[in-house]
Structures are given as structure tokens and as C-alpha cells.
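*Asks:* Just run_18.csv, nothing more (CSV, C-alpha atoms):
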chain,number,residue,atom,x,y,z
S,1,MET,CA,17.0,159.0,-10.9
S,2,ALA,CA,16.7,162.3,-8.9
S,3,VAL,CA,18.0,165.0,-11.1
S,4,ARG,CA,19.0,168.5,-9.9
S,5,PRO,CA,16.9,171.3,-11.2
S,6,LEU,CA,17.9,173.8,-13.9
S,7,LEU,CA,18.6,176.9,-11.8
S,8,SER,CA,19.4,180.3,-13.1
S,9,VAL,CA,20.6,182.8,-10.5
S,10,PRO,CA,23.3,185.5,-11.0
S,11,ARG,CA,26.3,184.9,-8.8
S,12,GLU,CA,27.0,188.6,-8.6
S,13,VAL,CA,24.4,191.3,-8.3
S,14,LYS,CA,24.3,195.1,-7.7
S,15,ALA,CA,23.0,196.3,-4.3
S,16,GLY,CA,19.3,197.1,-4.4
S,17,VAL,CA,18.9,196.2,-8.1
S,18,PRO,CA,16.3,193.6,-8.9
S,19,PHE,CA,17.5,190.4,-10.6
S,20,GLU,CA,15.6,187.3,-11.9
S,21,VAL,CA,15.7,183.9,-10.4
S,22,ARG,CA,14.5,181.0,-12.5
S,23,ILE,CA,14.1,177.4,-11.6
S,24,LEU,CA,12.8,174.3,-13.5
S,25,ILE,CA,12.2,171.3,-11.3
S,26,GLN,CA,11.7,167.7,-12.5
S,27,HIS,CA,8.5,166.4,-10.9
S,28,PRO,CA,5.5,164.4,-12.2
S,29,MET,CA,3.0,166.8,-10.5
S,30,GLU,CA,0.5,163.9,-10.4
S,31,THR,CA,-2.9,165.6,-9.9
S,32,GLY,CA,-4.7,163.0,-7.8
S,33,PHE,CA,-7.6,163.1,-10.3
S,34,ARG,CA,-6.4,160.4,-12.7
S,35,ARG,CA,-7.1,156.7,-12.5
S,36,ASP,CA,-4.9,153.8,-13.4
S,37,ALA,CA,-5.7,150.9,-15.7
S,38,VAL,CA,-7.8,149.1,-13.1
S,39,GLY,CA,-9.8,152.1,-12.0
S,40,GLY,CA,-7.9,152.9,-8.8
S,41,VAL,CA,-7.1,156.6,-8.0
S,42,ILE,CA,-3.5,157.5,-8.6
S,43,ALA,CA,-2.4,159.3,-5.4
S,44,ARG,CA,-1.8,163.0,-5.6
S,45,ASP,CA,1.9,163.8,-5.7
S,46,ILE,CA,2.7,167.4,-6.3
S,47,ILE,CA,5.2,169.9,-5.1
S,48,HIS,CA,2.9,171.9,-2.8
S,49,THR,CA,5.3,174.3,-1.2
S,50,PHE,CA,8.2,176.3,-2.6
S,51,GLU,CA,10.2,178.8,-0.6
S,52,CYS,CA,13.2,180.9,-1.3
S,53,SER,CA,15.1,182.7,1.4
S,54,VAL,CA,18.4,184.5,1.8
S,55,ASP,CA,20.2,184.1,5.1
S,56,GLY,CA,16.9,183.1,6.8
S,57,GLU,CA,14.9,186.0,5.4
S,58,GLU,CA,12.1,184.9,3.0
S,59,VAL,CA,12.2,186.6,-0.4
S,60,PHE,CA,9.7,184.4,-2.3
S,61,ALA,CA,7.2,181.6,-1.5
S,62,ALA,CA,4.6,179.8,-3.5
S,63,ARG,CA,1.8,177.3,-2.9
S,64,LEU,CA,1.4,175.1,-5.9
S,65,GLU,CA,-1.8,173.4,-6.9
S,66,PRO,CA,-2.7,170.3,-8.9
S,67,ALA,CA,-3.4,172.3,-12.0
S,68,VAL,CA,0.3,173.1,-12.4
S,69,ALA,CA,1.9,171.0,-15.2
S,70,ALA,CA,4.7,168.5,-14.7
S,71,ASN,CA,8.2,169.8,-14.3
S,72,PRO,CA,7.2,173.2,-12.9
S,73,PHE,CA,9.0,176.3,-14.0
S,74,LEU,CA,9.1,179.2,-11.5
S,75,ALA,CA,10.5,182.7,-12.2
S,76,PHE,CA,10.6,185.6,-9.8
S,77,SER,CA,12.5,188.7,-8.9
S,78,ALA,CA,14.6,189.4,-5.8
S,79,ARG,CA,16.7,192.3,-4.5
S,80,LEU,CA,19.6,192.1,-2.2
S,81,GLU,CA,21.4,194.8,-0.1
S,82,ARG,CA,24.2,192.6,1.1
S,83,SER,CA,25.9,189.3,0.1
S,84,GLY,CA,24.3,186.1,1.3
S,85,THR,CA,23.3,182.5,0.6
S,86,MET,CA,20.1,181.9,-1.3
S,87,VAL,CA,18.3,178.7,-0.3
S,88,LEU,CA,15.6,177.4,-2.5
S,89,ARG,CA,13.5,174.6,-0.9
S,90,TRP,CA,10.5,172.6,-1.9
S,91,VAL,CA,8.4,169.8,-0.5
S,92,ASP,CA,6.1,167.3,-2.3
S,93,ASP,CA,3.2,165.2,-1.2
S,94,ARG,CA,5.4,162.2,-0.5
S,95,GLY,CA,7.3,164.3,2.0
S,96,VAL,CA,10.4,164.5,-0.3
S,97,GLU,CA,12.2,167.7,0.5
S,98,ALA,CA,14.9,169.1,-1.7
S,99,GLU,CA,16.9,172.3,-1.7
S,100,GLU,CA,19.5,174.2,-3.7
S,101,ARG,CA,22.0,176.7,-2.2
S,102,VAL,CA,23.6,179.5,-4.1
S,103,ALA,CA,26.1,182.1,-2.7
S,104,ILE,CA,25.3,185.5,-4.2
S,105,ARG,CA,27.8,188.3,-3.9
S,106,VAL,CA,26.6,191.9,-3.8
S,107,VAL,CA,29.0,194.2,-5.6
P,1,MET,CA,29.3,157.8,-61.4
P,2,TRP,CA,29.7,160.9,-59.2
P,3,ARG,CA,27.4,162.8,-61.5
P,4,SER,CA,24.7,160.1,-61.4
P,5,ALA,CA,24.9,160.0,-57.6
P,6,TRP,CA,24.4,163.7,-57.5
P,7,CYS,CA,21.5,163.5,-59.9
P,8,ARG,CA,19.8,160.8,-57.9
P,9,ALA,CA,20.3,162.9,-54.7
P,10,LEU,CA,18.7,165.8,-56.4
P,11,ALA,CA,15.9,163.7,-57.7
P,12,LEU,CA,15.3,162.4,-54.2
P,13,LEU,CA,15.4,165.9,-52.8
P,14,LEU,CA,12.8,167.1,-55.4
P,15,ALA,CA,10.6,164.0,-54.8
P,16,THR,CA,10.6,164.6,-51.1
P,17,LEU,CA,9.8,168.3,-51.2
P,18,PRO,CA,6.3,168.7,-49.8
P,19,ALA,CA,3.8,169.3,-52.6
P,20,GLY,CA,2.6,172.9,-52.6
P,21,ALA,CA,5.3,174.0,-50.2
P,22,GLN,CA,8.2,176.0,-51.4
P,23,GLU,CA,10.6,175.4,-48.5
P,24,LYS,CA,11.0,173.0,-45.7
P,25,ARG,CA,9.7,174.2,-42.4
P,26,SER,CA,10.7,172.8,-39.1
P,27,GLY,CA,8.0,172.1,-36.5
P,28,TYR,CA,9.6,174.9,-34.6
P,29,ASP,CA,8.4,177.4,-37.2
P,30,ASP,CA,4.9,176.2,-36.8
P,31,ALA,CA,4.9,176.3,-33.0
P,32,GLY,CA,3.7,179.2,-31.0
P,33,PRO,CA,6.0,181.9,-29.6
P,34,GLN,CA,5.8,180.5,-26.0
P,35,VAL,CA,6.9,177.1,-27.2
P,36,ARG,CA,9.7,178.6,-29.3
P,37,ALA,CA,10.9,180.6,-26.3
P,38,MET,CA,11.1,177.4,-24.2
P,39,GLN,CA,13.2,175.7,-26.8
P,40,ASP,CA,15.4,178.7,-27.3
P,41,ASP,CA,16.5,178.9,-23.7
P,42,ASP,CA,18.4,175.9,-22.4
P,43,MET,CA,17.5,176.9,-18.8
P,44,ALA,CA,13.8,176.9,-19.6
P,45,ASN,CA,13.7,173.8,-21.9
P,46,PRO,CA,12.6,170.9,-19.7
P,47,ALA,CA,14.4,168.5,-22.0
P,48,PHE,CA,17.6,169.6,-20.4
P,49,LEU,CA,16.6,167.8,-17.2
P,50,TRP,CA,16.9,164.6,-19.3
P,51,VAL,CA,20.2,165.8,-20.9
P,52,ARG,CA,21.5,166.1,-17.3
P,53,GLN,CA,20.6,162.5,-16.6
P,54,GLY,CA,22.3,161.5,-19.9
P,55,GLU,CA,25.5,163.3,-18.8
P,56,ALA,CA,25.5,161.3,-15.6
P,57,LEU,CA,24.9,158.1,-17.5
P,58,TRP,CA,27.7,158.9,-20.0
P,59,GLU,CA,30.2,158.7,-17.2
P,60,ARG,CA,28.8,155.7,-15.3
P,61,ARG,CA,30.5,152.3,-15.7
P,62,GLU,CA,27.9,149.7,-16.7
P,63,GLY,CA,27.5,146.0,-17.4
P,64,MET,CA,29.9,143.0,-17.3
P,65,ALA,CA,32.7,145.0,-19.1
P,66,GLY,CA,32.5,147.7,-16.4
P,67,ARG,CA,32.9,150.4,-19.1
P,68,SER,CA,31.2,153.7,-19.4
P,69,CYS,CA,30.3,155.4,-22.7
P,70,ALA,CA,33.1,157.8,-22.0
P,71,ASP,CA,35.7,155.0,-21.6
P,72,CYS,CA,35.3,154.2,-25.4
P,73,HIS,CA,34.1,157.5,-26.8
P,74,GLY,CA,35.8,160.1,-24.6
P,75,ALA,CA,34.1,163.4,-24.0
P,76,VAL,CA,30.5,163.5,-25.3
P,77,GLU,CA,31.5,166.5,-27.5
P,78,GLY,CA,33.2,163.9,-29.7
P,79,MET,CA,29.7,162.7,-30.7
P,80,ARG,CA,29.1,165.7,-32.8
P,81,GLY,CA,27.5,164.7,-36.1
P,82,VAL,CA,26.4,161.3,-34.9
P,83,ALA,CA,22.7,162.2,-34.5
P,84,ALA,CA,22.7,164.1,-37.8
P,85,ARG,CA,23.6,160.9,-39.7
P,86,HIS,CA,21.3,158.5,-37.9
P,87,PRO,CA,19.3,156.4,-38.6
P,88,GLU,CA,22.0,154.7,-40.7
P,89,PHE,CA,22.2,151.5,-42.7
P,90,ASP,CA,24.4,149.1,-40.8
P,91,ALA,CA,26.0,146.8,-43.4
P,92,ALA,CA,27.1,144.2,-40.9
P,93,ARG,CA,23.5,143.8,-39.6
P,94,GLY,CA,21.9,144.3,-43.0
P,95,ARG,CA,19.3,146.7,-41.6
P,96,VAL,CA,18.7,150.3,-40.6
P,97,VAL,CA,19.7,151.2,-37.0
P,98,THR,CA,18.2,154.2,-35.2
P,99,LEU,CA,20.1,156.2,-32.6
P,100,GLU,CA,18.1,154.5,-29.8
P,101,GLN,CA,19.0,151.1,-31.2
P,102,ARG,CA,22.7,152.2,-31.6
P,103,VAL,CA,22.9,153.1,-28.0
P,104,ASN,CA,21.4,149.8,-26.9
P,105,LEU,CA,23.7,147.9,-29.3
P,106,CYS,CA,26.6,149.6,-27.6
P,107,ARG,CA,25.3,148.5,-24.3
P,108,THR,CA,24.7,144.9,-25.2
P,109,ASP,CA,27.8,144.4,-27.4
P,110,TYR,CA,30.5,146.5,-25.7
P,111,GLN,CA,29.3,147.1,-22.2
P,112,GLY,CA,27.8,143.7,-21.5
P,113,ALA,CA,24.8,145.5,-20.0
P,114,ALA,CA,21.1,145.1,-20.5
P,115,ALA,CA,19.4,147.2,-23.2
P,116,LEU,CA,17.8,150.3,-21.8
P,117,ALA,CA,14.0,150.2,-21.8
P,118,PRO,CA,12.2,152.0,-24.6
P,119,GLU,CA,11.0,155.5,-23.5
P,120,SER,CA,12.9,155.2,-20.2
P,121,ASP,CA,14.4,158.3,-18.7
P,122,ALA,CA,17.9,156.8,-19.2
P,123,LEU,CA,17.5,156.1,-22.9
P,124,LEU,CA,15.8,159.4,-23.6
P,125,GLY,CA,18.5,161.1,-21.6
P,126,ILE,CA,21.4,159.5,-23.4
P,127,THR,CA,19.9,160.1,-26.9
P,128,ALA,CA,19.0,163.7,-26.0
P,129,LEU,CA,22.6,164.2,-24.9
P,130,VAL,CA,24.1,162.7,-28.0
P,131,GLY,CA,21.6,164.5,-30.2
P,132,LEU,CA,22.4,167.8,-28.5
P,133,GLN,CA,26.0,167.5,-29.8
P,134,SER,CA,24.7,167.7,-33.4
P,135,ARG,CA,22.5,170.7,-32.7
P,136,GLY,CA,22.8,173.2,-35.5
P,137,MET,CA,24.2,170.8,-38.0
P,138,PRO,CA,22.0,169.9,-41.1
P,139,VAL,CA,20.3,166.5,-41.0
P,140,ALA,CA,22.4,164.5,-43.5
P,141,VAL,CA,21.7,160.8,-43.6
P,142,GLU,CA,23.1,158.4,-46.1
P,143,VAL,CA,20.4,157.4,-48.7
P,144,GLU,CA,22.6,155.9,-51.4
P,145,GLY,CA,23.7,152.3,-52.0
P,146,ALA,CA,22.4,149.8,-49.5
P,147,ALA,CA,20.3,152.4,-47.7
P,148,ALA,CA,18.2,153.2,-50.9
P,149,ALA,CA,15.9,150.2,-50.5
P,150,ALA,CA,15.2,151.1,-46.9
P,151,VAL,CA,14.4,154.7,-47.8
P,152,ALA,CA,12.0,153.4,-50.5
P,153,ARG,CA,10.3,151.1,-48.0
P,154,GLY,CA,10.0,154.0,-45.6
P,155,GLU,CA,8.6,156.3,-48.3
P,156,ALA,CA,6.0,153.7,-49.4
P,157,PHE,CA,4.8,153.5,-45.8
P,158,PHE,CA,4.6,157.3,-45.6
P,159,ARG,CA,2.4,157.3,-48.7
P,160,LEU,CA,0.3,154.3,-47.7
P,161,ARG,CA,-3.3,155.1,-46.8
P,162,GLN,CA,-4.1,153.2,-43.7
P,163,GLY,CA,-6.3,152.8,-40.6
P,164,GLN,CA,-10.0,153.3,-40.2
P,165,LEU,CA,-9.6,156.9,-41.3
P,166,ASN,CA,-7.8,155.7,-44.5
P,167,LEU,CA,-5.2,158.5,-44.3
P,168,SER,CA,-1.6,158.5,-45.3
P,169,CYS,CA,1.1,160.5,-43.6
P,170,ALA,CA,1.7,162.3,-46.9
P,171,GLN,CA,-1.9,163.5,-47.2
P,172,CYS,CA,-1.6,165.8,-44.2
P,173,HIS,CA,2.1,166.5,-43.8
P,174,ASP,CA,2.8,167.0,-47.6
P,175,GLY,CA,-0.6,167.9,-48.9
P,176,LEU,CA,-2.2,169.9,-46.1
P,177,ALA,CA,0.9,171.2,-44.2
P,178,GLY,CA,0.4,174.8,-43.2
P,179,GLN,CA,-3.3,174.5,-42.9
P,180,SER,CA,-5.3,174.1,-39.7
P,181,LEU,CA,-6.5,171.1,-37.9
P,182,ALA,CA,-8.7,171.9,-34.9
P,183,GLY,CA,-6.9,175.2,-34.3
P,184,SER,CA,-3.4,173.9,-34.7
P,185,ARG,CA,-1.2,174.4,-37.7
P,186,ILE,CA,-0.4,171.1,-39.5
P,187,PRO,CA,3.4,170.9,-39.5
P,188,GLN,CA,5.3,169.3,-42.3
P,189,GLY,CA,6.2,166.5,-39.9
P,190,HIS,CA,10.0,166.7,-40.0
P,191,ALA,CA,11.8,164.7,-37.4
P,192,ASN,CA,14.8,167.0,-36.7
P,193,ALA,CA,14.3,167.7,-33.0
P,194,TYR,CA,13.9,164.2,-31.4
P,195,PRO,CA,13.8,163.2,-28.7
P,196,ILE,CA,11.4,166.1,-27.8
P,197,TYR,CA,9.8,167.5,-24.7
P,198,ARG,CA,6.1,167.5,-25.7
P,199,LEU,CA,3.9,169.7,-23.6
P,200,GLU,CA,0.9,167.4,-24.3
P,201,TRP,CA,2.8,164.5,-22.9
P,202,GLN,CA,4.2,166.6,-20.0
P,203,GLY,CA,7.3,164.7,-20.7
P,204,MET,CA,10.0,163.5,-23.0
P,205,GLY,CA,9.4,161.1,-25.9
P,206,SER,CA,11.2,159.5,-28.8
P,207,LEU,CA,10.2,159.7,-32.5
P,208,HIS,CA,8.7,156.2,-32.1
P,209,ARG,CA,6.3,157.5,-29.5
P,210,ARG,CA,5.3,160.3,-31.8
P,211,LEU,CA,4.8,157.9,-34.8
P,212,ARG,CA,2.8,155.6,-32.6
P,213,ALA,CA,0.5,158.5,-31.7
P,214,CYS,CA,0.2,159.4,-35.4
P,215,LEU,CA,-0.8,155.9,-36.3
P,216,VAL,CA,-3.2,155.5,-33.4
P,217,GLY,CA,-4.6,158.8,-34.5
P,218,VAL,CA,-5.7,157.5,-37.9
P,219,ARG,CA,-6.8,154.3,-36.1
P,220,ALA,CA,-4.1,152.1,-37.8
P,221,GLU,CA,-2.0,149.4,-36.2
P,222,PRO,CA,1.1,151.1,-34.6
P,223,LEU,CA,4.5,149.8,-35.6
P,224,GLY,CA,6.2,147.6,-33.1
P,225,ARG,CA,9.4,149.0,-31.6
P,226,ASP,CA,11.6,146.3,-33.2
P,227,ASP,CA,9.8,146.4,-36.5
P,228,GLY,CA,12.4,147.0,-39.3
P,229,LEU,CA,9.8,149.2,-41.1
P,230,LEU,CA,9.9,151.6,-38.2
P,231,ALA,CA,13.6,152.2,-38.7
P,232,ASP,CA,13.1,152.5,-42.5
P,233,LEU,CA,10.4,155.1,-41.9
P,234,GLU,CA,12.6,157.0,-39.5
P,235,LEU,CA,15.4,156.9,-42.2
P,236,PHE,CA,13.0,158.2,-44.8
P,237,LEU,CA,11.8,161.0,-42.5
P,238,ALA,CA,15.4,162.0,-42.0
P,239,ALA,CA,16.1,162.0,-45.7
P,240,ARG,CA,12.9,164.1,-46.2
P,241,ALA,CA,14.2,166.5,-43.6
P,242,ALA,CA,17.7,166.7,-45.2
P,243,GLY,CA,19.1,170.2,-44.8
P,244,LEU,CA,17.0,171.3,-41.8
P,245,VAL,CA,19.2,171.8,-38.8
P,246,VAL,CA,19.1,169.4,-35.9
P,247,GLU,CA,17.3,171.0,-33.0
P,248,THR,CA,17.6,168.2,-30.4
P,249,PRO,CA,16.3,168.4,-27.8
P,250,GLY,CA,13.2,170.2,-29.2
P,251,VAL,CA,10.1,171.4,-27.4
P,252,ARG,CA,6.7,170.9,-29.2
P,253,PRO,CA,3.1,171.6,-28.2
Transcribe the structure of this file into C-alpha cells.
*Replies:*
Amino acid sequence: MAVRPLLSVPREVKAGVPFEVRILIQHPMETGFRRDAVGGVIARDIIHTFECSVDGEEVFAARLEPAVAANPFLAFSARLERSGTMVLRWVDDRGVEAEERVAIRVV
Amino acid sequence: MWRSAWCRALALLLATLPAGAQEKRSGYDDAGPQVRAMQDDDMANPAFLWVRQGEALWERREGMAGRSCADCHGAVEGMRGVAARHPEFDAARGRVVTLEQRVNLCRTDYQGAAALAPESDALLGITALVGLQSRGMPVAVEVEGAAAAAVARGEAFFRLRQGQLNLSCAQCHDGLAGQSLAGSRIPQGHANAYPIYRLEWQGMGSLHRRLRACLVGVRAEPLGRDDGLLADLELFLAARAAGLVVETPGVRP
């Protein structure tokens, strides 16, 4: 069952003042180094790319590696000058893409 | 009558106090600051990913009866206190029933649905959601009357030396709690936060999974999922943790 991430983003921010974005995504982050009961390699399946943009402008991006534990938690700061829609997007090794959208108002 | 019940409760309380320890300590108190911070913040506690699945399942109509949990129980907030009093002795069935078993009895008896698989995301999600409703309440299971024999069986198992290492639960979690084992603090072993998100598992697990790991750790035969002794042991552990607050869903290293 695909479950939506735990996402913490303020809906209203002050212009130019940094705020924190936190996201916790459910994902096995299978390293590709483990073997199953009959010795076969369990295929790597990690979220390898994470991007965050506001109205098309990138504010944060990360490349994740197999050492990252399951259910990755990302926290970063951002700063906005005008209201916009924040889009958080990530892709895993199986090609599954997911995104979350949050409208943020600058007051 | 009332007074003797109170005396027995007090005697049980004294008997279950860890030797050498003055007060009960939750595993939370023995965890590191990073782990505590994860549990303290619902947006950083990965167990809430499972709680969300439980919320979806609570509303979903299941089985031949086409009923959801909510159709009978209403809003999940009405389940406050349920996890704090489980496991409980079920007089009709003549045995102790854990929260996981209670959920599955609801499914088979009232929803006409198949029981959820042990350790499945669905079962962990629904028990985490129900457990969350009791968060902050003291663990308070019924240990009197018909439950007393089950508590005694659970305690006997807790004090039984077993496995190739010939260790009992009590030797470490009563006798050596607070001391170190390979760099980790030995906790008192109270089960007041299950199901938990365990960092070592990189996932969610029930108390049974934890107990299985303990028993395998002393190289003993793990208890089967449907073994009545497992429910008795879980009941004894809840009686032993009486008064500690429910932390479900907890985070542990």
C-alpha cells in the first residue's frame, strides 16, 4: 500500500526568512548488496533522486546512495520572496516517481 | 474482599519491581537523545507512516459483511484506553487475547474477512493506530480473577532459564537492567510502546517480533505466534509495566 509521506512545510512564511522543510518517505531503500535465502542478489531499489522546486525554480536537490537507511528523512531550509507552489519529487530504481505539492503563501 | 484485592495488587506490584531498581524506566529513558527526538516528533517518527495506513484501513469496508472498523466502533478516537488494557483475559474464549489477536478476531467474527498476516503492514498499522489512542495513559491490565493464572504462567516463563546460553529474561531485565551490554544500556524490558519502529529492523514490528529476537538471542526455541504462552507472557509484561505510560508507537534503537 503506497502511503503518502510525512511532510512538514509551513503554509505561510515571511518574505526572505528561511524556513524548514522536512519530509519522511516510506521506502525500503534496498541496498543491492543483500542476498536472499537461495543466494540470489536482491536487486537494488533506492530513491536515487530527490528534488524540490518552487514554481519551476530548484530550491533543493539530493542524490541518495545505498547507505541511506530505509524510510529516508530529509530536512532542509528554503527561502521565498513571493508565494508559489512547492513541488517535492523523487524517483526510485524501479522508476516509480512520486511528488507532493504544497501551496505556500508569502505574507 | 476489596482490601484483599488491593493487597494482592500491591503484592504483585512489589513482586514485579525490578530487583535493585528503585523505579520503573521505560525503554525510552534508556535510548539515546536522537532516538528520543524521533519518538517525540510525530512528523519525524517513521511509525506514523504505518499509523497512516491504519487510518485508511479503519475506514475501509472489508470481508463478507462489508463492514469497516468505523462502522462498528465509530471514530478511532473512541478506542482510547483499549491498548492500555490489552492483553486481556477473554472469558468466552478462556484465554488471553493480545491486541493483534483482538483485531483479527474482529475481522474473522464480525467482518467475515481473512485474518491479517502477522507482521504485515496492515496489522502493524491498525494496532499502531489503536495503540496511539491510548498514548499517555498508564498501562493498566486486569491481573485479578481469571487472568491471575495466566499472569503466573507468563511470569514463570519470564523467570525460566532457557536456551543454550541458559539465561532467563529476568536475569538481564530485572537483575542487570541499567548496566551495559556491548555498549548499549540494558533496558528493563517494558512493553509499553509496541508496535515499535526499530532502527535495527529499519521497520515496524510487534512485541512478538521483539520476543522472538530475545529468545533467538539466548538460543532458545522461539514461541509460536498462536502459542497461548506468548499471550500469557505479553500479559505478564504489561502487568510488570503497570503505571508506565503507553508510548505507542515508540521508536527504539
*Asks:* Identify every residue of chain P that has at least one atom within 10 Å of any atom of chain S, counting all atoms listed in the file, and report the result as a list in words.
*Replies:* Asp42, Met43, Ala44, Asn45, Pro46, Ala47, Phe48, Leu49, Trp50, Arg52, Gln53, Ala56, Asp121, Ala122, Leu199, Glu200, Trp201, Gln202 and Gly203 of chain P
*Asks:* Would you mind reading off the distance between atom CA of Asn104 of chain P and atom CA of Arg198 of chain P, one decimal, in Å?
*Replies:*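 Atom CA of Arg198 of chain P lies 23.4 Å from atom CA of Asn104 of chain P.
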*Asks:* To one decimal place in Å, what is the distance between atom CA of Gly163 of chain P and atom CA of Glu221 of chain P?
*Replies:*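 Distance between the two atoms: 7.0 Å.
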*Asks:* In Å, with one decimal, what is the gap from atom CA of Thr248 of chain P to atom CA of Gly136 of chain P?
*Replies:*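 The value is 8.8 Å.
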*Asks:* Pick out the residues sitting within 8 Å of Ala140 of chain P, and hand them over as JSON, numbers by chain; count all atoms listed in the file, and ignore anything fewer than 4 positions along from it in its own chain.
*Replies:* {"P": [84, 85, 238, 239, 242, 243]}
*Asks:* Given the choices P:Asp29, P:Glu23, P:Glu59, P:Glu88, which gets closest to Gln101 of chain P if the distance is worked out from all atoms listed in the file?
*Replies:*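 Checking each of P:Asp29, P:Glu23, P:Glu59, P:Glu88 against Gln101 of chain P, counting all atoms listed in the file, the winner is P:Glu88.
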*Asks:* Between S:Ala78, S:Val68, S:Val13, S:Val59, which is the closest to Glu30 of chain S once you count only C-alpha atoms?
*Replies:*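 Smallest distance to Glu30 of chain S is found for S:Val68.
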*Asks:* Any idea what's packed within 6 Å of Arg79 of chain S, counting all atoms listed in the file, ignoring anything in its chain fewer than 5 positions away? Could you give it as a PyMOL selection string?
*Replies:* chain S and resi 16-18
*Asks:* May I have the residues within 12 Å of Arg82 of chain S as number ranges by chain, using only C-alpha atoms and disregarding those fewer than 6 positions away in the same chain?
*Replies:* S: 12-17, 54-55, 103-107
*Asks:* Of the residues P:Ala241, P:His73, P:Arg219, P:Ile186, which is the one nearest to Leu165 of chain P, using only C-alpha atoms?
*Replies:*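 Under the stated criterion, the closest residue is P:Arg219.
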*Asks:* Please provide as a tab-separated table (two decimals) with C-alpha atoms, in the frame of the given file all residues within 7 Å of Ala113 of chain P, with the sequence filter that same-chain residues fewer than 2 positions apart are discarded (counting all atoms listed in the file).
*Replies:*
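Contents of around16.tsv, freshly written:
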chain	number	residue	atom	x	y	z
P	62	GLU	CA	27.90	149.70	-16.70
P	63	GLY	CA	27.50	146.00	-17.40
P	64	MET	CA	29.90	143.00	-17.30
P	107	ARG	CA	25.30	148.50	-24.30
P	108	THR	CA	24.70	144.90	-25.20
P	111	GLN	CA	29.30	147.10	-22.20
P	115	ALA	CA	19.40	147.20	-23.20
*Asks:* Excluding Pro87 of chain P and residues on its chain fewer than 4 positions from it, collect all residues at most 6 Å away from it, counting only C-alpha atoms, and give them as number ranges by chain.
*Replies:* P: 97-98, 235
*Asks:* With distances taken over all atoms listed in the file, which residue among S:Leu80, S:Ser53, S:Ala61, S:Val38 lies nearest Glu100 of chain S?
*Replies:*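 Distance minimum relative to Glu100 of chain S lands on S:Ser53.
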*Asks:* Dig up all the protein and nucleic acid residues within 8 Å of (3.7, 172.9, 1.3) in the file frame, using all atoms listed in the file, and format them as a list in words.
*Replies:*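 Returned residue set, sorted by chain then number, is Ile47, His48, Thr49, Phe50, Arg63, Leu64, Trp90, Val91 and Asp92 of chain S.
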*Asks:* How would the residues just picked look written out with C-alpha atoms as a PDB file, in the frame of the given file?
*Replies:*
ATOM      1  CA  ILE S  47       5.200 169.900  -5.100  1.00  0.00           C
ATOM      2  CA  HIS S  48       2.900 171.900  -2.800  1.00  0.00           C
ATOM      3  CA  THR S  49       5.300 174.300  -1.200  1.00  0.00           C
ATOM      4  CA  PHE S  50       8.200 176.300  -2.600  1.00  0.00           C
ATOM      5  CA  ARG S  63       1.800 177.300  -2.900  1.00  0.00           C
ATOM      6  CA  LEU S  64       1.400 175.100  -5.900  1.00  0.00           C
ATOM      7  CA  TRP S  90      10.500 172.600  -1.900  1.00  0.00           C
ATOM      8  CA  VAL S  91       8.400 169.800  -0.500  1.00  0.00           C
ATOM      9  CA  ASP S  92       6.100 167.300  -2.300  1.00  0.00           C
TER      10      ASP S  92
END
*Asks:* Rank P:Cys169, P:Gly54, P:Arg95, P:Leu160 by their smallest atom-to-atom distance to Cys214 of chain P, using only C-alpha atoms, and report the top residue only.
*Replies:*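 Among the listed residues, P:Cys169 lies closest to Cys214 of chain P.
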*Asks:* Using only C-alpha atoms, which of the listed residues (P:Gly32, P:Gly81, P:Pro195, P:Gly112) sits closest to Arg135 of chain P?
*Replies:* P:Gly81
